[in-house]
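The next block is input.cif, given as mmCIF, N, CA and C atoms.
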```cif
data_final
loop_
_atom_site.group_PDB
_atom_site.id
_atom_site.type_symbol
_atom_site.label_atom_id
_atom_site.label_comp_id
_atom_site.auth_asym_id
_atom_site.auth_seq_id
_atom_site.Cartn_x
_atom_site.Cartn_y
_atom_site.Cartn_z
ATOM 1 N N MET A 1 63.518 95.285 109.500
ATOM 2 C CA MET A 1 63.836 94.430 110.618
ATOM 3 C C MET A 1 65.035 95.027 111.360
ATOM 4 N N ARG A 2 64.946 95.040 112.669
ATOM 5 C CA ARG A 2 66.061 95.523 113.498
ATOM 6 C C ARG A 2 66.936 94.345 113.898
ATOM 7 N N VAL A 3 68.240 94.558 113.774
ATOM 8 C CA VAL A 3 69.212 93.507 114.056
ATOM 9 C C VAL A 3 70.369 94.097 114.845
ATOM 10 N N GLN A 4 70.849 93.349 115.838
ATOM 11 C CA GLN A 4 72.059 93.752 116.563
ATOM 12 C C GLN A 4 73.243 93.054 115.905
ATOM 13 N N ALA A 5 74.209 93.845 115.453
ATOM 14 C CA ALA A 5 75.386 93.316 114.773
ATOM 15 C C ALA A 5 76.593 93.366 115.703
ATOM 16 N N GLU A 6 77.293 92.266 115.784
ATOM 17 C CA GLU A 6 78.532 92.185 116.563
ATOM 18 C C GLU A 6 79.697 92.232 115.573
ATOM 19 N N TYR A 7 80.716 93.038 115.894
ATOM 20 C CA TYR A 7 81.844 93.184 114.980
ATOM 21 C C TYR A 7 83.104 93.555 115.744
ATOM 22 N N VAL A 8 84.231 93.447 115.052
ATOM 23 C CA VAL A 8 85.536 93.841 115.587
ATOM 24 C C VAL A 8 86.146 94.827 114.594
ATOM 25 N N LYS A 9 86.554 95.984 115.093
ATOM 26 C CA LYS A 9 87.218 96.977 114.237
ATOM 27 C C LYS A 9 88.698 96.647 114.124
ATOM 28 N N PHE A 10 89.292 97.066 113.004
ATOM 29 C CA PHE A 10 90.730 96.931 112.794
ATOM 30 C C PHE A 10 91.381 98.299 112.892
ATOM 31 N N GLU A 11 92.549 98.345 113.518
ATOM 32 C CA GLU A 11 93.336 99.572 113.629
ATOM 33 C C GLU A 11 94.535 99.493 112.694
ATOM 34 N N GLN A 12 94.859 100.607 112.070
ATOM 35 C CA GLN A 12 96.034 100.672 111.201
ATOM 36 C C GLN A 12 97.266 100.887 112.085
ATOM 37 N N VAL A 13 98.198 99.945 112.036
ATOM 38 C CA VAL A 13 99.462 100.048 112.757
ATOM 39 C C VAL A 13 100.561 99.847 111.725
ATOM 40 N N GLY A 14 101.183 100.952 111.344
ATOM 41 C CA GLY A 14 102.155 100.876 110.258
ATOM 42 C C GLY A 14 101.432 100.506 108.977
ATOM 43 N N ASN A 15 101.887 99.443 108.322
ATOM 44 C CA ASN A 15 101.258 98.976 107.088
ATOM 45 C C ASN A 15 100.246 97.865 107.327
ATOM 46 N N ARG A 16 99.960 97.555 108.586
ATOM 47 C CA ARG A 16 99.103 96.410 108.906
ATOM 48 C C ARG A 16 97.811 96.850 109.569
ATOM 49 N N LEU A 17 96.774 96.053 109.380
ATOM 50 C CA LEU A 17 95.503 96.240 110.093
ATOM 51 C C LEU A 17 95.426 95.181 111.177
ATOM 52 N N LEU A 18 95.320 95.625 112.431
ATOM 53 C CA LEU A 18 95.264 94.701 113.561
ATOM 54 C C LEU A 18 93.905 94.820 114.254
ATOM 55 N N PRO A 19 93.300 93.686 114.633
ATOM 56 C CA PRO A 19 91.989 93.744 115.282
ATOM 57 C C PRO A 19 92.089 94.307 116.695
ATOM 58 N N GLN A 20 91.095 95.085 117.087
ATOM 59 C CA GLN A 20 90.993 95.531 118.474
ATOM 60 C C GLN A 20 90.591 94.341 119.329
ATOM 61 N N ARG A 21 90.860 94.417 120.611
ATOM 62 C CA ARG A 21 90.573 93.289 121.496
ATOM 63 C C ARG A 21 89.083 93.116 121.768
ATOM 64 N N GLU A 22 88.369 94.216 121.941
ATOM 65 C CA GLU A 22 86.970 94.108 122.331
ATOM 66 C C GLU A 22 86.047 94.061 121.119
ATOM 67 N N HIS A 23 84.939 93.358 121.285
ATOM 68 C CA HIS A 23 83.901 93.321 120.263
ATOM 69 C C HIS A 23 82.975 94.514 120.491
ATOM 70 N N SER A 24 82.427 95.031 119.407
ATOM 71 C CA SER A 24 81.496 96.149 119.476
ATOM 72 C C SER A 24 80.151 95.698 118.936
ATOM 73 N N TYR A 25 79.106 96.461 119.272
ATOM 74 C CA TYR A 25 77.743 96.116 118.873
ATOM 75 C C TYR A 25 77.043 97.359 118.351
ATOM 76 N N GLU A 26 76.268 97.199 117.291
ATOM 77 C CA GLU A 26 75.442 98.265 116.734
ATOM 78 C C GLU A 26 74.094 97.670 116.361
ATOM 79 N N ILE A 27 73.060 98.466 116.494
ATOM 80 C CA ILE A 27 71.740 98.067 116.026
ATOM 81 C C ILE A 27 71.536 98.707 114.656
ATOM 82 N N VAL A 28 71.175 97.886 113.669
ATOM 83 C CA VAL A 28 70.974 98.361 112.308
ATOM 84 C C VAL A 28 69.601 97.914 111.812
ATOM 85 N N GLU A 29 69.072 98.661 110.865
ATOM 86 C CA GLU A 29 67.820 98.316 110.192
ATOM 87 C C GLU A 29 68.167 97.709 108.843
ATOM 88 N N ILE A 30 67.530 96.584 108.514
ATOM 89 C CA ILE A 30 67.754 95.970 107.212
ATOM 90 C C ILE A 30 66.423 95.749 106.510
ATOM 91 N N ASP A 31 66.486 95.701 105.182
ATOM 92 C CA ASP A 31 65.324 95.407 104.357
ATOM 93 C C ASP A 31 65.476 93.984 103.846
ATOM 94 N N GLU A 32 64.764 93.059 104.473
ATOM 95 C CA GLU A 32 64.936 91.645 104.145
ATOM 96 C C GLU A 32 64.289 91.251 102.818
ATOM 97 N N THR A 33 63.598 92.181 102.166
ATOM 98 C CA THR A 33 62.951 91.876 100.886
ATOM 99 C C THR A 33 63.916 91.970 99.714
ATOM 100 N N GLN A 34 65.184 92.294 99.956
ATOM 101 C CA GLN A 34 66.159 92.464 98.885
ATOM 102 C C GLN A 34 66.648 91.138 98.306
ATOM 103 N N GLY A 35 66.306 90.029 98.921
ATOM 104 C CA GLY A 35 66.660 88.727 98.373
ATOM 105 C C GLY A 35 68.063 88.249 98.686
ATOM 106 N N LYS A 36 68.774 88.918 99.579
ATOM 107 C CA LYS A 36 70.114 88.492 99.986
ATOM 108 C C LYS A 36 70.010 87.788 101.333
ATOM 109 N N ASP A 37 71.061 87.067 101.714
ATOM 110 C CA ASP A 37 71.012 86.408 103.015
ATOM 111 C C ASP A 37 71.207 87.434 104.136
ATOM 112 N N LEU A 38 70.794 87.052 105.327
ATOM 113 C CA LEU A 38 70.780 87.953 106.478
ATOM 114 C C LEU A 38 72.160 88.535 106.763
ATOM 115 N N ASP A 39 73.189 87.703 106.777
ATOM 116 C CA ASP A 39 74.533 88.189 107.097
ATOM 117 C C ASP A 39 75.007 89.243 106.104
ATOM 118 N N GLU A 40 74.728 89.041 104.821
ATOM 119 C CA GLU A 40 75.139 89.998 103.802
ATOM 120 C C GLU A 40 74.416 91.332 103.983
ATOM 121 N N LEU A 41 73.115 91.277 104.267
ATOM 122 C CA LEU A 41 72.338 92.498 104.489
ATOM 123 C C LEU A 41 72.828 93.263 105.715
ATOM 124 N N VAL A 42 73.092 92.533 106.802
ATOM 125 C CA VAL A 42 73.569 93.170 108.028
ATOM 126 C C VAL A 42 74.948 93.772 107.810
ATOM 127 N N ASN A 43 75.826 93.067 107.130
ATOM 128 C CA ASN A 43 77.169 93.569 106.869
ATOM 129 C C ASN A 43 77.125 94.858 106.043
ATOM 130 N N GLU A 44 76.263 94.918 105.038
ATOM 131 C CA GLU A 44 76.115 96.132 104.231
ATOM 132 C C GLU A 44 75.571 97.294 105.056
ATOM 133 N N ALA A 45 74.540 97.022 105.876
ATOM 134 C CA ALA A 45 73.956 98.070 106.719
ATOM 135 C C ALA A 45 74.963 98.556 107.757
ATOM 136 N N LEU A 46 75.755 97.645 108.302
ATOM 137 C CA LEU A 46 76.769 98.001 109.292
ATOM 138 C C LEU A 46 77.847 98.881 108.666
ATOM 139 N N SER A 47 78.280 98.550 107.472
ATOM 140 C CA SER A 47 79.277 99.353 106.768
ATOM 141 C C SER A 47 78.773 100.782 106.551
ATOM 142 N N GLU A 48 77.510 100.910 106.165
ATOM 143 C CA GLU A 48 76.927 102.243 105.974
ATOM 144 C C GLU A 48 76.845 103.014 107.290
ATOM 145 N N LYS A 49 76.392 102.342 108.349
ATOM 146 C CA LYS A 49 76.232 103.022 109.637
ATOM 147 C C LYS A 49 77.581 103.460 110.217
ATOM 148 N N LEU A 50 78.591 102.595 110.116
ATOM 149 C CA LEU A 50 79.914 102.906 110.667
ATOM 150 C C LEU A 50 80.704 103.841 109.758
ATOM 151 N N ARG A 51 80.274 103.939 108.508
ATOM 152 C CA ARG A 51 81.004 104.700 107.485
ATOM 153 C C ARG A 51 82.434 104.185 107.340
ATOM 154 N N LEU A 52 82.514 102.853 107.325
ATOM 155 C CA LEU A 52 83.792 102.162 107.146
ATOM 156 C C LEU A 52 83.662 101.161 106.010
ATOM 157 N N SER A 53 84.751 100.966 105.264
ATOM 158 C CA SER A 53 84.737 99.907 104.266
ATOM 159 C C SER A 53 84.810 98.564 105.003
ATOM 160 N N LYS A 54 84.363 97.516 104.340
ATOM 161 C CA LYS A 54 84.270 96.203 104.987
ATOM 162 C C LYS A 54 85.622 95.605 105.352
ATOM 163 N N ASP A 55 86.713 96.147 104.814
ATOM 164 C CA ASP A 55 88.032 95.635 105.193
ATOM 165 C C ASP A 55 88.554 96.280 106.480
ATOM 166 N N ARG A 56 87.817 97.254 107.042
ATOM 167 C CA ARG A 56 88.230 97.948 108.271
ATOM 168 C C ARG A 56 87.563 97.368 109.521
ATOM 169 N N TYR A 57 86.723 96.343 109.353
ATOM 170 C CA TYR A 57 86.103 95.658 110.478
ATOM 171 C C TYR A 57 85.739 94.247 110.038
ATOM 172 N N LYS A 58 85.473 93.386 111.019
ATOM 173 C CA LYS A 58 85.017 92.030 110.708
ATOM 174 C C LYS A 58 83.667 91.826 111.367
ATOM 175 N N PHE A 59 82.676 91.559 110.550
ATOM 176 C CA PHE A 59 81.338 91.249 111.049
ATOM 177 C C PHE A 59 81.371 89.845 111.643
ATOM 178 N N MET A 60 80.851 89.708 112.862
ATOM 179 C CA MET A 60 80.928 88.438 113.570
ATOM 180 C C MET A 60 79.592 87.693 113.637
ATOM 181 N N ASN A 61 78.538 88.428 114.030
ATOM 182 C CA ASN A 61 77.289 87.761 114.371
ATOM 183 C C ASN A 61 76.138 88.750 114.275
ATOM 184 N N ALA A 62 74.944 88.234 113.999
ATOM 185 C CA ALA A 62 73.734 89.068 113.977
ATOM 186 C C ALA A 62 72.661 88.436 114.846
ATOM 187 N N THR A 63 71.982 89.267 115.627
ATOM 188 C CA THR A 63 70.884 88.811 116.460
ATOM 189 C C THR A 63 69.645 89.627 116.112
ATOM 190 N N ILE A 64 68.578 88.942 115.713
ATOM 191 C CA ILE A 64 67.336 89.640 115.372
ATOM 192 C C ILE A 64 66.685 90.124 116.653
ATOM 193 N N LEU A 65 66.270 91.381 116.645
ATOM 194 C CA LEU A 65 65.626 91.979 117.831
ATOM 195 C C LEU A 65 64.119 91.996 117.676
#
```

Rendering of file as C-alpha coordinates:
Amino acid sequence: MRVQAEYVKFEQVGNRLLPQREHSYEIVEIDETQGKDLDELVNEALSEKLRLSKDRYKFMNATIL
(Lines of atoms letter the chains of each structure in order from A and count residues from 1; the text may use other names and numbers.)
(Lines give C-alpha, C1' and ligand atoms only; values in the text may rest on other atoms or scores of the structure.)
Protein backbone atom coordinates (compact mmCIF):
# COMPACT_ATOMS: atom_id res chain seq x y z
CA MET A 1 0.00 0.00 0.00
CA ARG A 2 1.27 3.47 -0.86
CA VAL A 3 0.96 6.11 1.83
CA GLN A 4 1.91 9.78 2.02
CA ALA A 5 3.59 10.50 5.35
CA GLU A 6 3.71 13.98 6.87
CA TYR A 7 6.54 14.68 9.31
CA VAL A 8 8.72 17.35 10.91
CA LYS A 9 12.50 16.95 11.08
CA PHE A 10 14.51 18.01 14.13
CA GLU A 11 17.78 19.94 13.87
CA GLN A 12 20.60 19.58 16.37
CA VAL A 13 21.34 22.99 17.93
CA GLY A 14 23.95 22.61 20.61
CA ASN A 15 22.71 19.83 22.90
CA ARG A 16 19.07 20.23 21.86
CA LEU A 17 16.90 18.95 19.02
CA LEU A 18 14.63 21.68 17.67
CA PRO A 19 11.82 21.11 15.15
CA GLN A 20 12.05 22.75 11.73
CA ARG A 21 9.21 25.12 10.90
CA GLU A 22 7.96 23.43 7.75
CA HIS A 23 6.33 20.03 7.46
CA SER A 24 7.75 17.58 4.93
CA TYR A 25 6.06 14.79 2.96
CA GLU A 26 7.29 11.44 1.64
CA ILE A 27 5.52 8.63 -0.14
CA VAL A 28 6.32 5.23 1.38
CA GLU A 29 5.29 1.65 0.67
CA ILE A 30 4.03 -0.41 3.60
CA ASP A 31 3.09 -4.06 4.04
CA GLU A 32 -0.20 -4.00 5.90
CA THR A 33 -0.15 -7.78 6.44
CA GLN A 34 2.38 -7.42 9.28
CA GLY A 35 -0.39 -7.04 11.86
CA LYS A 36 0.67 -3.63 13.20
CA ASP A 37 -1.40 -0.46 13.10
CA LEU A 38 -1.07 1.89 10.13
CA ASP A 39 0.78 4.66 11.98
CA GLU A 40 3.41 2.25 13.31
CA LEU A 41 3.99 0.74 9.85
CA VAL A 42 4.27 4.17 8.21
CA ASN A 43 6.63 5.44 10.91
CA GLU A 44 8.93 2.42 10.43
CA ALA A 45 8.90 2.78 6.63
CA LEU A 46 9.56 6.52 6.92
CA SER A 47 12.53 5.95 9.23
CA GLU A 48 14.02 3.52 6.71
CA LYS A 49 13.43 5.83 3.74
CA LEU A 50 14.85 8.92 5.49
CA ARG A 51 17.68 6.90 7.07
CA LEU A 52 16.97 8.68 10.33
CA SER A 53 16.24 7.31 13.78
CA LYS A 54 12.73 8.04 15.02
CA ASP A 55 14.01 10.60 17.54
CA ARG A 56 15.28 12.82 14.66
CA TYR A 57 11.79 13.51 13.27
CA LYS A 58 8.16 13.47 14.37
CA PHE A 59 5.64 11.55 12.30
CA MET A 60 2.46 13.61 12.06
CA ASN A 61 -0.06 12.06 9.70
CA ALA A 62 -0.58 9.40 7.03
CA THR A 63 -2.78 9.59 3.95
CA ILE A 64 -3.52 6.45 1.94
CA LEU A 65 -2.99 7.01 -1.78

Quiz item: Which residues fall under the PyMOL selection byres (((chain A and resi 38 and name CA) around 12) and name CA) in this file, as a ChimeraX atom specification?
Solution: /A:1-5,28-37,39-45,59,61-64

Writer output for current selection, N, CA and C atoms, as a PDB file, in the frame of the given file:
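Final output, selection-v4.pdb:
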```
ATOM      1  N   MET A   1      63.518  95.285 109.500  1.00  0.00           N
ATOM      2  CA  MET A   1      63.836  94.430 110.618  1.00  0.00           C
ATOM      3  C   MET A   1      65.035  95.027 111.360  1.00  0.00           C
ATOM      4  N   ARG A   2      64.946  95.040 112.669  1.00  0.00           N
ATOM      5  CA  ARG A   2      66.061  95.523 113.498  1.00  0.00           C
ATOM      6  C   ARG A   2      66.936  94.345 113.898  1.00  0.00           C
ATOM      7  N   VAL A   3      68.240  94.558 113.774  1.00  0.00           N
ATOM      8  CA  VAL A   3      69.212  93.507 114.056  1.00  0.00           C
ATOM      9  C   VAL A   3      70.369  94.097 114.845  1.00  0.00           C
ATOM     10  N   GLN A   4      70.849  93.349 115.838  1.00  0.00           N
ATOM     11  CA  GLN A   4      72.059  93.752 116.563  1.00  0.00           C
ATOM     12  C   GLN A   4      73.243  93.054 115.905  1.00  0.00           C
ATOM     13  N   ALA A   5      74.209  93.845 115.453  1.00  0.00           N
ATOM     14  CA  ALA A   5      75.386  93.316 114.773  1.00  0.00           C
ATOM     15  C   ALA A   5      76.593  93.366 115.703  1.00  0.00           C
ATOM     16  N   VAL A  28      71.175  97.886 113.669  1.00  0.00           N
ATOM     17  CA  VAL A  28      70.974  98.361 112.308  1.00  0.00           C
ATOM     18  C   VAL A  28      69.601  97.914 111.812  1.00  0.00           C
ATOM     19  N   GLU A  29      69.072  98.661 110.865  1.00  0.00           N
ATOM     20  CA  GLU A  29      67.820  98.316 110.192  1.00  0.00           C
ATOM     21  C   GLU A  29      68.167  97.709 108.843  1.00  0.00           C
ATOM     22  N   ILE A  30      67.530  96.584 108.514  1.00  0.00           N
ATOM     23  CA  ILE A  30      67.754  95.970 107.212  1.00  0.00           C
ATOM     24  C   ILE A  30      66.423  95.749 106.510  1.00  0.00           C
ATOM     25  N   ASP A  31      66.486  95.701 105.182  1.00  0.00           N
ATOM     26  CA  ASP A  31      65.324  95.407 104.357  1.00  0.00           C
ATOM     27  C   ASP A  31      65.476  93.984 103.846  1.00  0.00           C
ATOM     28  N   GLU A  32      64.764  93.059 104.473  1.00  0.00           N
ATOM     29  CA  GLU A  32      64.936  91.645 104.145  1.00  0.00           C
ATOM     30  C   GLU A  32      64.289  91.251 102.818  1.00  0.00           C
ATOM     31  N   THR A  33      63.598  92.181 102.166  1.00  0.00           N
ATOM     32  CA  THR A  33      62.951  91.876 100.886  1.00  0.00           C
ATOM     33  C   THR A  33      63.916  91.970  99.714  1.00  0.00           C
ATOM     34  N   GLN A  34      65.184  92.294  99.956  1.00  0.00           N
ATOM     35  CA  GLN A  34      66.159  92.464  98.885  1.00  0.00           C
ATOM     36  C   GLN A  34      66.648  91.138  98.306  1.00  0.00           C
ATOM     37  N   GLY A  35      66.306  90.029  98.921  1.00  0.00           N
ATOM     38  CA  GLY A  35      66.660  88.727  98.373  1.00  0.00           C
ATOM     39  C   GLY A  35      68.063  88.249  98.686  1.00  0.00           C
ATOM     40  N   LYS A  36      68.774  88.918  99.579  1.00  0.00           N
ATOM     41  CA  LYS A  36      70.114  88.492  99.986  1.00  0.00           C
ATOM     42  C   LYS A  36      70.010  87.788 101.333  1.00  0.00           C
ATOM     43  N   ASP A  37      71.061  87.067 101.714  1.00  0.00           N
ATOM     44  CA  ASP A  37      71.012  86.408 103.015  1.00  0.00           C
ATOM     45  C   ASP A  37      71.207  87.434 104.136  1.00  0.00           C
ATOM     46  N   ASP A  39      73.189  87.703 106.777  1.00  0.00           N
ATOM     47  CA  ASP A  39      74.533  88.189 107.097  1.00  0.00           C
ATOM     48  C   ASP A  39      75.007  89.243 106.104  1.00  0.00           C
ATOM     49  N   GLU A  40      74.728  89.041 104.821  1.00  0.00           N
ATOM     50  CA  GLU A  40      75.139  89.998 103.802  1.00  0.00           C
ATOM     51  C   GLU A  40      74.416  91.332 103.983  1.00  0.00           C
ATOM     52  N   LEU A  41      73.115  91.277 104.267  1.00  0.00           N
ATOM     53  CA  LEU A  41      72.338  92.498 104.489  1.00  0.00           C
ATOM     54  C   LEU A  41      72.828  93.263 105.715  1.00  0.00           C
ATOM     55  N   VAL A  42      73.092  92.533 106.802  1.00  0.00           N
ATOM     56  CA  VAL A  42      73.569  93.170 108.028  1.00  0.00           C
ATOM     57  C   VAL A  42      74.948  93.772 107.810  1.00  0.00           C
ATOM     58  N   ASN A  43      75.826  93.067 107.130  1.00  0.00           N
ATOM     59  CA  ASN A  43      77.169  93.569 106.869  1.00  0.00           C
ATOM     60  C   ASN A  43      77.125  94.858 106.043  1.00  0.00           C
ATOM     61  N   GLU A  44      76.263  94.918 105.038  1.00  0.00           N
ATOM     62  CA  GLU A  44      76.115  96.132 104.231  1.00  0.00           C
ATOM     63  C   GLU A  44      75.571  97.294 105.056  1.00  0.00           C
ATOM     64  N   ALA A  45      74.540  97.022 105.876  1.00  0.00           N
ATOM     65  CA  ALA A  45      73.956  98.070 106.719  1.00  0.00           C
ATOM     66  C   ALA A  45      74.963  98.556 107.757  1.00  0.00           C
ATOM     67  N   PHE A  59      82.676  91.559 110.550  1.00  0.00           N
ATOM     68  CA  PHE A  59      81.338  91.249 111.049  1.00  0.00           C
ATOM     69  C   PHE A  59      81.371  89.845 111.643  1.00  0.00           C
ATOM     70  N   ASN A  61      78.538  88.428 114.030  1.00  0.00           N
ATOM     71  CA  ASN A  61      77.289  87.761 114.371  1.00  0.00           C
ATOM     72  C   ASN A  61      76.138  88.750 114.275  1.00  0.00           C
ATOM     73  N   ALA A  62      74.944  88.234 113.999  1.00  0.00           N
ATOM     74  CA  ALA A  62      73.734  89.068 113.977  1.00  0.00           C
ATOM     75  C   ALA A  62      72.661  88.436 114.846  1.00  0.00           C
ATOM     76  N   THR A  63      71.982  89.267 115.627  1.00  0.00           N
ATOM     77  CA  THR A  63      70.884  88.811 116.460  1.00  0.00           C
ATOM     78  C   THR A  63      69.645  89.627 116.112  1.00  0.00           C
ATOM     79  N   ILE A  64      68.578  88.942 115.713  1.00  0.00           N
ATOM     80  CA  ILE A  64      67.336  89.640 115.372  1.00  0.00           C
ATOM     81  C   ILE A  64      66.685  90.124 116.653  1.00  0.00           C
TER      82      ILE A  64
END
```

For range 25-40 of chain A, take all atoms listed in the file, fit an axis-aligned box around them, add 5 Å to each of the six sides, then output centre and edge lengths in Å rounded to one decimal, as AutoDock Vina command-line options.
```
--center_x 71.0 --center_y 92.6 --center_z 108.8 --size_x 26.2 --size_y 22.3 --size_z 31.0
```

Exercise. Enter the distance from atom N of Glu26 in chain A to atom C of Gln12 in chain A, in Å, rounded to one decimal.
Key: 21.9 Å

Practice problem: Calculate how many Å separate CA of His23 in chain A from atom N of Lys9 in chain A, rounding to one decimal. | Solution: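 A separation of 6.4 Å between them.
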
Exercise. Mind checking which residues fall within 12 Å of Leu18 in chain A, counting only C-alpha atoms, ignoring those fewer than 6 positions away in the same chain, and posting them as an MDAnalysis selection string?
Key: chainID A and resid 8:12 55:58

Practice problem: Tell me, in Å to one decimal, how far CA of Gln20 in chain A is from CA of Leu50 in chain A. | Solution: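 Computed distance, CA of Gln20 in chain A to CA of Leu50 in chain A, equals 15.4 Å.
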